[in-house]
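One structure is given here, and the rest of the page talks about it.
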Amino acid sequence: MSVLVLADIAASGVALATRQAVSAAQHWGAPIDLLVLGSTDVAAHTQIAGVRRVLHADAPQLAQPVAEDLARVLNGLADDYTVILAAHGSLARNALPRVAALRDVGMVSEAVALLGPHSYQRPIYAGNLLATVDNRPGLQVLTVRASRFEAAALNGHADCVAIAVPATEGRSRVTGHKTAAGERPELGNARVVVSGGRSLGSAERFHACLAPLADRLGAAIGATRAAVDSGYAPNEWQVGQTGTVVAPDLYIAVGLSGALQHTAGIKDSRVIVAINQDPEAPIMQLADYSLVADLFDAVPELVRHLQPEATA
Amino acid sequence: MRIIVSIKRVVDHNVQVRPRSDGSDIDTTGVRMVINPFDENALEEAVRLRERGIASEVVVVSFGDATVQESLRQAIALGANRAIWGQAPAALDQLAVAKLLRHVAQREEASLVMLGKQAIDEDAGQTAQMLAALLDWPQAVAVSELAIDGDTLHATREVDGGSESLEIRLPAVVSADLRLNAPRFVKLPDLMKAKRQTIEALDCTALGIDLSPRLQRARVETPPPRPAGQRVGSVTELIAKLRNEAQVIA
Ligand SMILES: Cc1cc2nc3c(=O)[nH]c(=O)nc-3n(C[C@@H](O)[C@H](O)[C@H](O)COP(=O)(O)OP(=O)(O)OC[C@H]3O[C@@H](n4cnc5c(N)ncnc54)[C@H](O)[C@@H]3O)c2cc1C
Ligand SMILES: Cc1cc2nc3c(=O)[nH]c(=O)nc-3n(C[C@H](O)[C@H](O)[C@H](O)COP(=O)(O)OP(=O)(O)OC[C@H]3O[C@@H](n4cnc5c(N)ncnc54)[C@H](O)[C@@H]3O)c2cc1C
């Protein structure tokens, strides 16, 4: 019995979520192999503590794989494993359900707690409820909410094995990839997140108001769906049930109401701050610190006080 | 070209659901039910493809008890040509739904099956991918833009930190993101007309398909609440608290 973890694709080094997924995989107390795709830094992955072997699937089509190709690689390996696990990111969400279907087994999405060998806890109804789900014994296929698990250390020495990759089937291909590569930390694992809502009023104001605050705090910027749909912020900034789930030390919610679909994505934050002019807004009940204020006054004032050179 | 759109009937997103007192399931008595929002996007896109002459027919299908017929009538009022009610036990898991959709897609000789990227109740986001695997078709998941040119489908899909464009050959499975389009509203006269249309009933237990759930829901509970917060009176007080009490800023 052993566990196969699918590594996230990292531009350099190892993705934090991969280290967290490896530590989740320890749950079964069985040897852990890590599948690394394309030209990712394989050597770095061999250092993740607890990994027995790194399986390197190196083929051009796996640099940005379509689900069909990735599922075929995983399905080819599945006979040797009792668990196939990955962080709940877009790579695994795309491919793992295919693997489960090919194997005629169920899949558990975004487990937040691992209870038994095939029992899990996962959020349903936008995190309003927690369900305990039992999968059938046999091959377990699942994704985990990575931020719920400590990152595995980087002091290991795994072996590395190259594996054969079936040829691409050619009925689908990736023709482009757009990332908002910027200076800011990645939303999914930033230590501080500053999020804005509809009340920012325009893309210009969203940026003019929130960017200085994010700069001061070294924060990622997030947004509500209303802000994204109004064109104030790009899609990939959306936080919530249908966007990114974040778990920073500090989440600052600016001029957003705290709809259930939004708060589904922030409840794992250590400290939540809300700035809203409506004391009754749901976010004000959820927040650890709430400030009733006009954001256009409060945020610039915050920025001034956070000036590194501000004199006491 | 025929498009199948799957319709899941779910609890309205404005309703705050609660567990039953015994924790065995969700209490849905008397709760407002709607078409899963993502399925509305899938349906809207399919209807637009037909309106543009790219698709010839849009068939909607929903699996569940008799109440799903109401959602199917709404889907007809929104532009679907026909509806199939898959009579099935409530507790179908994603794999079972995918198997049933495969049956319908094959029977209807569909070129495209469109689903929601996730259902807002279970939030699994699996069914489309499972269906694509069972049919051995390519997939485009969480699609926010779509164009069809002959037997090629161009899609933009939302991925972590950005977007990806895909080119896939039909037949294919697509799952819709909310940003794919802005669904139209139902018009009352269309709803009245839809009431008179017959819905085909399909007995899912008579198809020889293994529908036994792989996943069993053992318990449902409310997550532990966050500790009550405090109101601060000023920006300076906020900064002091974040520094000294919460110690999350320097
Ligand atoms: C009384 C009751 C008991 C349940 N018990 C269990 C249980 O024990 N274990 C369990 O795992 N689940 C249980 N469920 C939920 C189960 O039916 C899921 O809803 C189903 O597995 C689909 O998962 P999902 O909605 O998360 O799929 P997703 O993959 O998130 O759905 C994606 C898309 O698939 C399509 N789709 C999904 N379901 C249907 C459908 N029925 N008809 C048409 N299209 C559909 C829709 O287009 C949807 O947008 C129960 C539900 C009820 C009402
Ligand atoms: C299926 C589905 C999925 C969804 N998924 C998501 C999701 O993933 N993420 C998400 O965010 N939403 C999601 N939504 C949308 C969600 O339901 C809400 O509509 C949305 O989050 C509201 O955004 P908002 O808080 O910016 O806007 P509003 O609800 O309009 O709130 C604006 C707030 O700003 C405050 N305000 C106004 N002016 C000022 C000022 N000058 N200073 C201070 N405060 C001010 C107001 O008091 C109010 O509380 C989803 C909805 C559906 C149906």
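Chain identifiers are assigned as A, B, and so on, following the order in which chains appear in the structure tokens; residues are numbered from 1 within each chain, and ligands are numbered from 1 in order of appearance.
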Kindly determine which residues of chain A lie within 7 Å of chain B, considering only C-alpha atoms, and give the answer as number ranges by chain. A: 68, 89-90, 94, 97-98, 101-102, 105-106, 109, 124-126, 128-136, 171-180, 236, 249-250, 287-291, 298, 301-302
Neighbouring residues of ligand 2 are defined here as those with any atom at most 9 Å from a ligand atom, counting only C-alpha atoms and all ligand atoms; list them as JSON, numbers by chain. {"A": [126, 196, 197, 198, 199, 200, 201, 223, 224, 225, 226, 227, 228, 238, 239, 240, 241, 242, 243, 244, 245, 254, 255, 256, 257, 258, 259, 260, 261, 262, 263, 264, 265, 275, 276, 277, 278, 279, 280, 281, 282, 283, 284, 292, 293, 294, 295, 296, 297, 298], "B": [12, 13, 14, 36, 37, 38, 119, 120, 178]}
Would you mind reading off the distance between atom CA of Ala30 of chain A and atom 11 (O, counted along the ligand's line) of ligand 1, one decimal, in Å?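 Distance reported for this atom pair: 26.2 Å.
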To test your reading of the structure, identify every residue in segment 66-162 of chain B that backbone DSSP assigns to strand (DSSP E or B), and report it as an mmCIF file with all heavy atoms, in the first residue's frame.
```
data_model
loop_
_atom_site.group_PDB
_atom_site.id
_atom_site.type_symbol
_atom_site.label_atom_id
_atom_site.label_comp_id
_atom_site.auth_asym_id
_atom_site.auth_seq_id
_atom_site.Cartn_x
_atom_site.Cartn_y
_atom_site.Cartn_z
ATOM 1 N N ARG B 82 -36.380 20.289 -25.467
ATOM 2 C CA ARG B 82 -37.003 19.112 -24.859
ATOM 3 C C ARG B 82 -36.362 18.852 -23.515
ATOM 4 O O ARG B 82 -35.243 19.304 -23.266
ATOM 5 C CB ARG B 82 -36.685 17.837 -25.621
ATOM 6 C CG ARG B 82 -36.898 17.554 -26.785
ATOM 7 C CD ARG B 82 -36.914 16.214 -27.448
ATOM 8 N NE ARG B 82 -35.663 15.935 -28.111
ATOM 9 C CZ ARG B 82 -34.906 14.899 -27.810
ATOM 10 N NH1 ARG B 82 -35.239 14.072 -26.848
ATOM 11 N NH2 ARG B 82 -33.785 14.709 -28.460
ATOM 12 N N ALA B 83 -37.069 18.016 -22.726
ATOM 13 C CA ALA B 83 -36.541 17.724 -21.400
ATOM 14 C C ALA B 83 -36.694 16.246 -21.077
ATOM 15 O O ALA B 83 -37.671 15.601 -21.477
ATOM 16 C CB ALA B 83 -37.265 18.565 -20.356
ATOM 17 N N ILE B 84 -35.707 15.733 -20.359
ATOM 18 C CA ILE B 84 -35.752 14.348 -19.888
ATOM 19 C C ILE B 84 -35.629 14.367 -18.363
ATOM 20 O O ILE B 84 -34.680 14.948 -17.821
ATOM 21 C CB ILE B 84 -34.586 13.525 -20.482
ATOM 22 C CG1 ILE B 84 -34.639 13.547 -22.008
ATOM 23 C CG2 ILE B 84 -34.614 12.089 -19.948
ATOM 24 C CD1 ILE B 84 -33.385 12.997 -22.682
ATOM 25 N N TRP B 85 -36.568 13.742 -17.726
ATOM 26 C CA TRP B 85 -36.508 13.585 -16.264
ATOM 27 C C TRP B 85 -35.992 12.174 -15.968
ATOM 28 O O TRP B 85 -36.669 11.191 -16.245
ATOM 29 C CB TRP B 85 -37.895 13.792 -15.642
ATOM 30 C CG TRP B 85 -38.020 13.282 -14.230
ATOM 31 C CD1 TRP B 85 -37.050 13.240 -13.279
ATOM 32 C CD2 TRP B 85 -39.183 12.702 -13.622
ATOM 33 N NE1 TRP B 85 -37.527 12.691 -12.116
ATOM 34 C CE2 TRP B 85 -38.843 12.350 -12.297
ATOM 35 C CE3 TRP B 85 -40.495 12.462 -14.076
ATOM 36 C CZ2 TRP B 85 -39.750 11.751 -11.425
ATOM 37 C CZ3 TRP B 85 -41.394 11.871 -13.193
ATOM 38 C CH2 TRP B 85 -41.018 11.524 -11.877
ATOM 39 N N GLY B 86 -34.793 12.104 -15.449
ATOM 40 C CA GLY B 86 -34.243 10.813 -15.055
ATOM 41 C C GLY B 86 -34.737 10.481 -13.663
ATOM 42 O O GLY B 86 -34.275 11.073 -12.681
ATOM 43 N N GLN B 87 -35.683 9.552 -13.590
ATOM 44 C CA GLN B 87 -36.243 9.169 -12.287
ATOM 45 C C GLN B 87 -35.203 8.356 -11.556
ATOM 46 O O GLN B 87 -34.816 7.275 -12.001
ATOM 47 C CB GLN B 87 -37.483 8.310 -12.485
ATOM 48 C CG GLN B 87 -38.651 9.055 -13.083
ATOM 49 C CD GLN B 87 -39.784 8.100 -13.393
ATOM 50 O OE1 GLN B 87 -39.701 7.362 -14.365
ATOM 51 N NE2 GLN B 87 -40.825 8.112 -12.575
ATOM 52 N N LEU B 112 -22.138 17.648 -27.929
ATOM 53 C CA LEU B 112 -21.630 18.477 -26.843
ATOM 54 C C LEU B 112 -22.532 18.261 -25.632
ATOM 55 O O LEU B 112 -23.753 18.260 -25.767
ATOM 56 C CB LEU B 112 -21.678 19.956 -27.291
ATOM 57 C CG LEU B 112 -21.149 21.032 -26.354
ATOM 58 C CD1 LEU B 112 -19.680 20.806 -26.035
ATOM 59 C CD2 LEU B 112 -21.323 22.417 -26.990
ATOM 60 N N VAL B 113 -21.901 18.049 -24.472
ATOM 61 C CA VAL B 113 -22.663 18.014 -23.225
ATOM 62 C C VAL B 113 -22.162 19.172 -22.376
ATOM 63 O O VAL B 113 -20.951 19.344 -22.198
ATOM 64 C CB VAL B 113 -22.499 16.686 -22.457
ATOM 65 C CG1 VAL B 113 -23.399 16.681 -21.219
ATOM 66 C CG2 VAL B 113 -22.824 15.496 -23.340
ATOM 67 N N MET B 114 -23.091 19.966 -21.884
ATOM 68 C CA MET B 114 -22.705 21.115 -21.068
ATOM 69 C C MET B 114 -23.258 20.959 -19.660
ATOM 70 O O MET B 114 -24.431 20.651 -19.468
ATOM 71 C CB MET B 114 -23.203 22.411 -21.705
ATOM 72 C CG MET B 114 -22.580 22.623 -23.081
ATOM 73 S SD MET B 114 -22.843 24.292 -23.731
ATOM 74 C CE MET B 114 -21.907 25.272 -22.569
ATOM 75 N N LEU B 115 -22.389 21.185 -18.675
ATOM 76 C CA LEU B 115 -22.763 21.083 -17.268
ATOM 77 C C LEU B 115 -22.311 22.357 -16.558
ATOM 78 O O LEU B 115 -21.636 23.195 -17.148
ATOM 79 C CB LEU B 115 -22.069 19.891 -16.590
ATOM 80 C CG LEU B 115 -22.235 18.496 -17.172
ATOM 81 C CD1 LEU B 115 -21.250 18.262 -18.294
ATOM 82 C CD2 LEU B 115 -22.061 17.437 -16.104
ATOM 83 N N GLY B 116 -22.665 22.459 -15.284
ATOM 84 C CA GLY B 116 -22.095 23.512 -14.467
ATOM 85 C C GLY B 116 -20.740 23.055 -13.961
ATOM 86 O O GLY B 116 -20.494 21.865 -13.797
ATOM 87 N N GLN B 139 -12.341 17.512 -22.739
ATOM 88 C CA GLN B 139 -13.140 18.348 -21.844
ATOM 89 C C GLN B 139 -12.582 19.758 -21.771
ATOM 90 O O GLN B 139 -11.384 19.972 -21.973
ATOM 91 C CB GLN B 139 -13.137 17.749 -20.435
ATOM 92 C CG GLN B 139 -11.791 17.901 -19.733
ATOM 93 C CD GLN B 139 -11.722 17.169 -18.399
ATOM 94 O OE1 GLN B 139 -12.225 16.068 -18.262
ATOM 95 N NE2 GLN B 139 -11.090 17.809 -17.416
ATOM 96 N N ALA B 140 -13.468 20.688 -21.470
ATOM 97 C CA ALA B 140 -13.040 22.048 -21.102
ATOM 98 C C ALA B 140 -13.834 22.402 -19.859
ATOM 99 O O ALA B 140 -15.057 22.455 -19.891
ATOM 100 C CB ALA B 140 -13.316 23.026 -22.235
ATOM 101 N N VAL B 141 -13.125 22.625 -18.761
ATOM 102 C CA VAL B 141 -13.740 22.769 -17.442
ATOM 103 C C VAL B 141 -13.628 24.218 -16.967
ATOM 104 O O VAL B 141 -12.596 24.860 -17.188
ATOM 105 C CB VAL B 141 -13.033 21.792 -16.467
ATOM 106 C CG1 VAL B 141 -13.287 22.164 -15.026
ATOM 107 C CG2 VAL B 141 -13.478 20.369 -16.740
ATOM 108 N N ALA B 142 -14.678 24.730 -16.348
ATOM 109 C CA ALA B 142 -14.711 26.107 -15.828
ATOM 110 C C ALA B 142 -14.507 27.123 -16.949
ATOM 111 O O ALA B 142 -13.628 27.975 -16.905
ATOM 112 C CB ALA B 142 -13.666 26.304 -14.716
ATOM 113 N N VAL B 143 -15.359 27.009 -17.958
ATOM 114 C CA VAL B 143 -15.192 27.800 -19.173
ATOM 115 C C VAL B 143 -15.857 29.162 -19.025
ATOM 116 O O VAL B 143 -17.003 29.270 -18.614
ATOM 117 C CB VAL B 143 -15.785 27.022 -20.378
ATOM 118 C CG1 VAL B 143 -15.902 27.917 -21.599
ATOM 119 C CG2 VAL B 143 -14.921 25.807 -20.682
ATOM 120 N N SER B 144 -15.102 30.226 -19.370
ATOM 121 C CA SER B 144 -15.653 31.579 -19.285
ATOM 122 C C SER B 144 -15.844 32.197 -20.670
ATOM 123 O O SER B 144 -16.415 33.279 -20.791
ATOM 124 C CB SER B 144 -14.742 32.466 -18.437
ATOM 125 O OG SER B 144 -13.449 32.464 -18.971
ATOM 126 N N GLU B 145 -15.346 31.527 -21.708
ATOM 127 C CA GLU B 145 -15.568 31.994 -23.084
ATOM 128 C C GLU B 145 -15.580 30.781 -23.984
ATOM 129 O O GLU B 145 -14.766 29.870 -23.794
ATOM 130 C CB GLU B 145 -14.397 32.866 -23.551
ATOM 131 C CG GLU B 145 -14.545 34.347 -23.315
ATOM 132 C CD GLU B 145 -13.266 35.076 -23.718
ATOM 133 O OE1 GLU B 145 -12.861 34.960 -24.900
ATOM 134 O OE2 GLU B 145 -12.653 35.699 -22.833
ATOM 135 N N LEU B 146 -16.458 30.797 -24.982
ATOM 136 C CA LEU B 146 -16.573 29.611 -25.821
ATOM 137 C C LEU B 146 -16.936 30.018 -27.248
ATOM 138 O O LEU B 146 -17.753 30.920 -27.454
ATOM 139 C CB LEU B 146 -17.661 28.720 -25.212
ATOM 140 C CG LEU B 146 -18.045 27.388 -25.825
ATOM 141 C CD1 LEU B 146 -18.646 26.518 -24.744
ATOM 142 C CD2 LEU B 146 -19.034 27.535 -26.949
ATOM 143 N N ALA B 147 -16.298 29.377 -28.226
ATOM 144 C CA ALA B 147 -16.667 29.593 -29.623
ATOM 145 C C ALA B 147 -16.543 28.263 -30.343
ATOM 146 O O ALA B 147 -15.654 27.465 -30.028
ATOM 147 C CB ALA B 147 -15.749 30.634 -30.262
ATOM 148 N N ILE B 148 -17.443 28.015 -31.279
ATOM 149 C CA ILE B 148 -17.383 26.760 -32.030
ATOM 150 C C ILE B 148 -17.219 27.084 -33.500
ATOM 151 O O ILE B 148 -17.899 27.947 -34.052
ATOM 152 C CB ILE B 148 -18.650 25.917 -31.787
ATOM 153 C CG1 ILE B 148 -18.662 25.412 -30.350
ATOM 154 C CG2 ILE B 148 -18.703 24.740 -32.763
ATOM 155 C CD1 ILE B 148 -19.892 24.642 -29.966
ATOM 156 N N ASP B 149 -16.257 26.376 -34.108
ATOM 157 C CA ASP B 149 -15.932 26.631 -35.497
ATOM 158 C C ASP B 149 -15.817 25.260 -36.147
ATOM 159 O O ASP B 149 -14.818 24.564 -35.947
ATOM 160 C CB ASP B 149 -14.608 27.415 -35.515
ATOM 161 C CG ASP B 149 -14.102 27.653 -36.926
ATOM 162 O OD1 ASP B 149 -14.874 27.432 -37.869
ATOM 163 O OD2 ASP B 149 -12.929 28.050 -37.063
ATOM 164 N N THR B 152 -14.378 22.219 -34.200
ATOM 165 C CA THR B 152 -13.397 22.672 -33.210
ATOM 166 C C THR B 152 -14.055 23.618 -32.212
ATOM 167 O O THR B 152 -14.806 24.510 -32.607
ATOM 168 C CB THR B 152 -12.225 23.399 -33.903
ATOM 169 O OG1 THR B 152 -11.702 22.537 -34.911
ATOM 170 C CG2 THR B 152 -11.122 23.731 -32.925
ATOM 171 N N LEU B 153 -13.752 23.379 -30.963
ATOM 172 C CA LEU B 153 -14.291 24.245 -29.908
ATOM 173 C C LEU B 153 -13.120 25.003 -29.286
ATOM 174 O O LEU B 153 -12.128 24.404 -28.874
ATOM 175 C CB LEU B 153 -15.009 23.367 -28.871
ATOM 176 C CG LEU B 153 -15.793 24.055 -27.759
ATOM 177 C CD1 LEU B 153 -16.969 23.169 -27.354
ATOM 178 C CD2 LEU B 153 -14.943 24.334 -26.549
ATOM 179 N N HIS B 154 -13.241 26.316 -29.257
ATOM 180 C CA HIS B 154 -12.231 27.156 -28.608
ATOM 181 C C HIS B 154 -12.794 27.602 -27.268
ATOM 182 O O HIS B 154 -13.901 28.130 -27.230
ATOM 183 C CB HIS B 154 -11.912 28.384 -29.453
ATOM 184 C CG HIS B 154 -11.436 28.052 -30.835
ATOM 185 N ND1 HIS B 154 -10.118 27.834 -31.125
ATOM 186 C CD2 HIS B 154 -12.117 27.871 -31.990
ATOM 187 C CE1 HIS B 154 -10.003 27.535 -32.415
ATOM 188 N NE2 HIS B 154 -11.203 27.551 -32.969
ATOM 189 N N ALA B 155 -12.040 27.398 -26.221
ATOM 190 C CA ALA B 155 -12.548 27.755 -24.900
ATOM 191 C C ALA B 155 -11.487 28.497 -24.119
ATOM 192 O O ALA B 155 -10.286 28.240 -24.265
ATOM 193 C CB ALA B 155 -12.971 26.508 -24.135
ATOM 194 N N THR B 156 -11.935 29.430 -23.289
ATOM 195 C CA THR B 156 -11.066 30.024 -22.284
ATOM 196 C C THR B 156 -11.566 29.509 -20.955
ATOM 197 O O THR B 156 -12.763 29.534 -20.699
ATOM 198 C CB THR B 156 -11.164 31.556 -22.309
ATOM 199 O OG1 THR B 156 -10.846 31.993 -23.623
ATOM 200 C CG2 THR B 156 -10.198 32.179 -21.313
ATOM 201 N N ARG B 157 -10.646 28.989 -20.158
ATOM 202 C CA ARG B 157 -11.102 28.480 -18.879
ATOM 203 C C ARG B 157 -10.308 29.096 -17.749
ATOM 204 O O ARG B 157 -9.157 29.487 -17.912
ATOM 205 C CB ARG B 157 -11.055 26.949 -18.847
ATOM 206 C CG ARG B 157 -9.681 26.360 -19.037
ATOM 207 C CD ARG B 157 -9.785 24.839 -19.083
ATOM 208 N NE ARG B 157 -8.642 24.248 -18.408
ATOM 209 C CZ ARG B 157 -8.601 23.918 -17.131
ATOM 210 N NH1 ARG B 157 -9.654 24.064 -16.371
ATOM 211 N NH2 ARG B 157 -7.511 23.434 -16.592
ATOM 212 N N GLU B 158 -10.962 29.182 -16.607
ATOM 213 C CA GLU B 158 -10.344 29.853 -15.478
ATOM 214 C C GLU B 158 -9.500 28.849 -14.704
ATOM 215 O O GLU B 158 -9.967 27.766 -14.347
ATOM 216 C CB GLU B 158 -11.430 30.459 -14.602
ATOM 217 C CG GLU B 158 -12.326 31.378 -15.436
ATOM 218 C CD GLU B 158 -12.896 32.554 -14.690
ATOM 219 O OE1 GLU B 158 -13.038 32.465 -13.468
ATOM 220 O OE2 GLU B 158 -13.186 33.567 -15.354
ATOM 221 N N VAL B 159 -8.245 29.199 -14.488
ATOM 222 C CA VAL B 159 -7.335 28.351 -13.715
ATOM 223 C C VAL B 159 -6.696 29.203 -12.625
ATOM 224 O O VAL B 159 -6.801 30.430 -12.653
ATOM 225 C CB VAL B 159 -6.248 27.704 -14.613
ATOM 226 C CG1 VAL B 159 -6.883 26.797 -15.659
ATOM 227 C CG2 VAL B 159 -5.375 28.757 -15.284
ATOM 228 N N GLY B 162 -4.956 32.776 -13.223
ATOM 229 C CA GLY B 162 -5.092 33.296 -14.575
ATOM 230 C C GLY B 162 -6.095 32.536 -15.401
ATOM 231 O O GLY B 162 -7.097 32.051 -14.886
#
```
Please provide the set of residues having any atom within 6 Å of segment 41-57 of chain B, restricted to only C-alpha atoms, with same-chain residues fewer than 6 positions apart removed, written as number ranges by chain. B: 1-2, 79, 114-115, 176, 183
For the residues in the current selection, export all heavy atoms as a CSV table (one decimal), in the first residue's frame.
```
chain,number,residue,atom,x,y,z
B,1,MET,N,-26.2,19.8,-34.9
B,1,MET,CA,-25.5,19.4,-33.7
B,1,MET,C,-26.5,19.5,-32.5
B,1,MET,O,-27.1,20.5,-32.3
B,1,MET,CB,-24.3,20.4,-33.5
B,1,MET,CG,-23.7,20.2,-32.2
B,1,MET,SD,-22.2,21.1,-32.1
B,1,MET,CE,-22.7,22.4,-31.0
B,2,ARG,N,-26.5,18.4,-31.7
B,2,ARG,CA,-27.4,18.4,-30.6
B,2,ARG,C,-26.5,18.6,-29.3
B,2,ARG,O,-25.5,18.1,-29.1
B,2,ARG,CB,-28.1,17.1,-30.5
B,2,ARG,CG,-29.1,17.0,-29.3
B,2,ARG,CD,-29.9,15.7,-29.4
B,2,ARG,NE,-30.7,15.7,-30.6
B,2,ARG,CZ,-30.9,14.7,-31.4
B,2,ARG,NH1,-30.2,13.6,-31.2
B,2,ARG,NH2,-31.7,14.8,-32.4
B,79,GLY,N,-35.6,28.2,-23.1
B,79,GLY,CA,-35.1,28.0,-24.4
B,79,GLY,C,-34.8,26.6,-24.8
B,79,GLY,O,-34.5,26.3,-26.0
B,114,MET,N,-23.1,20.0,-21.9
B,114,MET,CA,-22.7,21.1,-21.1
B,114,MET,C,-23.3,21.0,-19.7
B,114,MET,O,-24.4,20.7,-19.5
B,114,MET,CB,-23.2,22.4,-21.7
B,114,MET,CG,-22.6,22.6,-23.1
B,114,MET,SD,-22.8,24.3,-23.7
B,114,MET,CE,-21.9,25.3,-22.6
B,115,LEU,N,-22.4,21.2,-18.7
B,115,LEU,CA,-22.8,21.1,-17.3
B,115,LEU,C,-22.3,22.4,-16.6
B,115,LEU,O,-21.6,23.2,-17.1
B,115,LEU,CB,-22.1,19.9,-16.6
B,115,LEU,CG,-22.2,18.5,-17.2
B,115,LEU,CD1,-21.3,18.3,-18.3
B,115,LEU,CD2,-22.1,17.4,-16.1
B,176,ALA,N,-19.5,25.0,-17.3
B,176,ALA,CA,-19.6,26.5,-17.4
B,176,ALA,C,-19.2,27.1,-16.1
B,176,ALA,O,-19.6,26.7,-15.0
B,176,ALA,CB,-21.0,26.8,-17.7
B,183,PRO,N,-27.2,34.9,-17.9
B,183,PRO,CA,-28.4,34.2,-18.3
B,183,PRO,C,-29.7,35.1,-18.4
B,183,PRO,O,-29.8,36.0,-17.6
B,183,PRO,CB,-28.6,33.1,-17.2
B,183,PRO,CG,-27.3,32.9,-16.6
B,183,PRO,CD,-26.6,34.3,-16.7
```
Please identify the alpha helix (DSSP H) residues within segment 98-173 of chain B (assignment by DSSP from backbone atoms) and present them as a list of chain:residue names.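 So, restricting segment 98-173 of chain B to alpha helix (DSSP H), we get B:Ala98, B:Lys99, B:Leu100, B:Leu101, B:Arg102, B:His103, B:Val104, B:Ala105, B:Gln106, B:Arg107, B:Thr127, B:Ala128, B:Gln129, B:Met130, B:Leu131, B:Ala132, B:Ala133, B:Leu134, B:Leu135.
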Given the selection you just returned, output its residues as a file containing C-alpha atoms, formatted as a PDB file, in the first residue's frame.
```pdb
ATOM      1  CA  ALA B  98     -21.880  10.884 -14.882  1.00  0.00           C
ATOM      2  CA  LYS B  99     -22.878   7.347 -15.885  1.00  0.00           C
ATOM      3  CA  LEU B 100     -26.471   8.399 -16.434  1.00  0.00           C
ATOM      4  CA  LEU B 101     -25.377  11.408 -18.479  1.00  0.00           C
ATOM      5  CA  ARG B 102     -23.220   9.135 -20.607  1.00  0.00           C
ATOM      6  CA  HIS B 103     -26.273   7.018 -21.342  1.00  0.00           C
ATOM      7  CA  VAL B 104     -28.281  10.075 -22.383  1.00  0.00           C
ATOM      8  CA  ALA B 105     -25.442  11.579 -24.443  1.00  0.00           C
ATOM      9  CA  GLN B 106     -25.016   8.324 -26.373  1.00  0.00           C
ATOM     10  CA  ARG B 107     -28.706   7.726 -26.866  1.00  0.00           C
ATOM     11  CA  THR B 127     -19.304  15.409 -12.771  1.00  0.00           C
ATOM     12  CA  ALA B 128     -18.214  16.985 -16.075  1.00  0.00           C
ATOM     13  CA  GLN B 129     -14.725  15.512 -15.898  1.00  0.00           C
ATOM     14  CA  MET B 130     -16.052  12.082 -14.938  1.00  0.00           C
ATOM     15  CA  LEU B 131     -18.502  12.149 -17.819  1.00  0.00           C
ATOM     16  CA  ALA B 132     -15.770  13.146 -20.267  1.00  0.00           C
ATOM     17  CA  ALA B 133     -13.631  10.229 -19.095  1.00  0.00           C
ATOM     18  CA  LEU B 134     -16.498   7.743 -19.387  1.00  0.00           C
ATOM     19  CA  LEU B 135     -17.271   8.916 -22.923  1.00  0.00           C
TER      20      LEU B 135
END
```
Residue neighbourhood segment 84-87 of chain A, 7 Å, only C-alpha atoms, exclusion window fewer than 6 positions, as a list in words: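 Here the answer would be Val3, Leu4, Val5, Leu6, Ala7, Ala17, Thr18, Ala21, Gln140, Val141, Leu142, Thr143, Val144, Arg145 and Ala146 of chain A.
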Interatomic distance (Å, one decimal) between atom CA of Cys209 of chain A and atom CA of Gly182 of chain A: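 Distance between the two atoms: 17.8 Å.
Picture a line from atom CA of Ile32 of chain A to atom CA of Asn189 of chain A; it runs 23.6 Å.
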From the list A:Gln20, A:Thr82, A:Gln121, A:Thr40, the nearest residue to ligand 1 using only C-alpha atoms and all ligand atoms is A:Gln121
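The residue that comes closest to Ala59 of chain A, out of A:Ile266, A:Ala113, A:Ala151, A:Ala164 and on the basis of only C-alpha atoms, is A:Ala164.
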Counting only C-alpha atoms and all ligand atoms, figure out which residue out of A:Glu110, A:Asp41, A:Asp8, A:Asp69 gets nearest to ligand 1. A:Glu110
